[in-house]
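Have a look at the structure below before the remarks.
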Amino acid sequence: MTPATPHGSPLGFHSYDPGIAAGSLVLWGAPYPIGSGRVDIDERTAELQVHNICVFDVFTVPNSFDPTHALGIFSAIINSMKIEWSRVTRPVLGFKDTTNKFRGDCFECSATIAVSATTPKDTGHGFHFKSDPTKTHTSFAQFGTEHNGVFF
């Protein structure tokens with residue numbers, strides 16, 4: 001693995017995602033291995049930790065939402081990612097929306113994020129990003145439990 005690019009990418013911030021479903025604008029999602037996450041409602045904490053998740057580097061968020069990907073789209077990998085939710089500032093317990101069949105308990109809190117992602121050199125970019133979790137700033141974070149649809 002190459003060291004992280006010291007002054008960032010010449011393209012600016014990168015957007016890594018699993019892609020948009022072909023022929024649609026359906027937003028992306030990536031399956032994570034069983035056991036990658038844990039939630040402890042009593043302790044009011046949650047954690048997600050994954051390694052080696054195949055994604056795309058689409059360079060910018062607008063390019064991510066553009067079905068033509070005018071700036072290009074390249075295979076990339078999330079080498080590692082760890083998100084920790086803690087320090088609850090506001091519990092939202094017993095939320096219920098009977099019209100949309102959704103209910104749950106949520107906890108607004110802080111989160112720290114440590115991520116390392118790489119766009120391989122064979123793409124012509126060879127960009128590597130590694131965050132510093134001590135400098136994480138979150139404007140909003142939330143975790144909780146929910147029941148929806150037939151599980152309402």
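Chain labels A, B, ... are given in the sequence in which chains occur in the structure tokens; within each chain residues are numbered consecutively from 1, and ligands are likewise numbered from 1 in the order shown.
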- Item | Those in chain A with strand (DSSP E) from DSSP, as a PyMOL selection string | chain A and resi 16-17+37-40+45-57+74-97+102-118+128-130+141-148
- Query: Which residue, A:Ser15, A:Thr45, A:Thr98, A:Ser75, has the smallest gap to A:Gly144 when you use only C-alpha atoms?
  - Reply: A:Thr45
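Between A:Thr123 and the residues A:Asp40, A:Glu47, A:Glu146, A:Asp57, the shortest atom-to-atom distance, using only C-alpha atoms, involves A:Asp57.
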- Task: Tell me, as a VMD selection string, which residues lie within 12 Å of A:Ala114, counting only C-alpha atoms; anything in the same chain fewer than 3 positions away does not count.
- Result: chain A and resid 47 to 51 78 to 84 111 117 129 to 137
Hey, what's within 10 Å of A:Ile41 if we count only C-alpha atoms and toss same-chain stuff fewer than 3 positions away? As a CSV table (one decimal) with N, CA and C atoms, in the first residue's frame, please?
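Writing the result to part10.csv gives the following:
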```
chain,number,residue,atom,x,y,z
A,38,ARG,N,-22.1,-3.8,16.1
A,38,ARG,CA,-22.7,-4.1,17.4
A,38,ARG,C,-23.4,-2.9,17.9
A,44,ARG,N,-25.7,2.6,25.5
A,44,ARG,CA,-25.9,3.7,24.5
A,44,ARG,C,-24.7,3.9,23.7
A,45,THR,N,-24.2,2.8,23.1
A,45,THR,CA,-23.1,2.9,22.2
A,45,THR,C,-23.3,1.9,21.0
A,46,ALA,N,-22.6,2.2,19.9
A,46,ALA,CA,-22.7,1.4,18.7
A,46,ALA,C,-21.4,1.4,18.0
A,105,ASP,N,-36.5,3.5,18.6
A,105,ASP,CA,-35.8,4.3,19.7
A,105,ASP,C,-34.5,4.7,19.1
A,106,CYS,N,-34.2,6.0,19.1
A,106,CYS,CA,-33.0,6.5,18.5
A,106,CYS,C,-32.2,7.3,19.6
A,107,PHE,N,-30.9,7.4,19.3
A,107,PHE,CA,-30.0,8.1,20.2
A,107,PHE,C,-29.2,9.1,19.4
A,143,PHE,N,-27.9,6.5,16.2
A,143,PHE,CA,-28.1,5.1,16.1
A,143,PHE,C,-29.3,4.7,16.9
A,144,GLY,N,-29.8,3.5,16.7
A,144,GLY,CA,-31.0,3.0,17.4
A,144,GLY,C,-31.5,1.7,16.9
A,145,THR,N,-32.8,1.5,17.2
A,145,THR,CA,-33.5,0.3,16.7
A,145,THR,C,-34.7,0.8,16.0
```
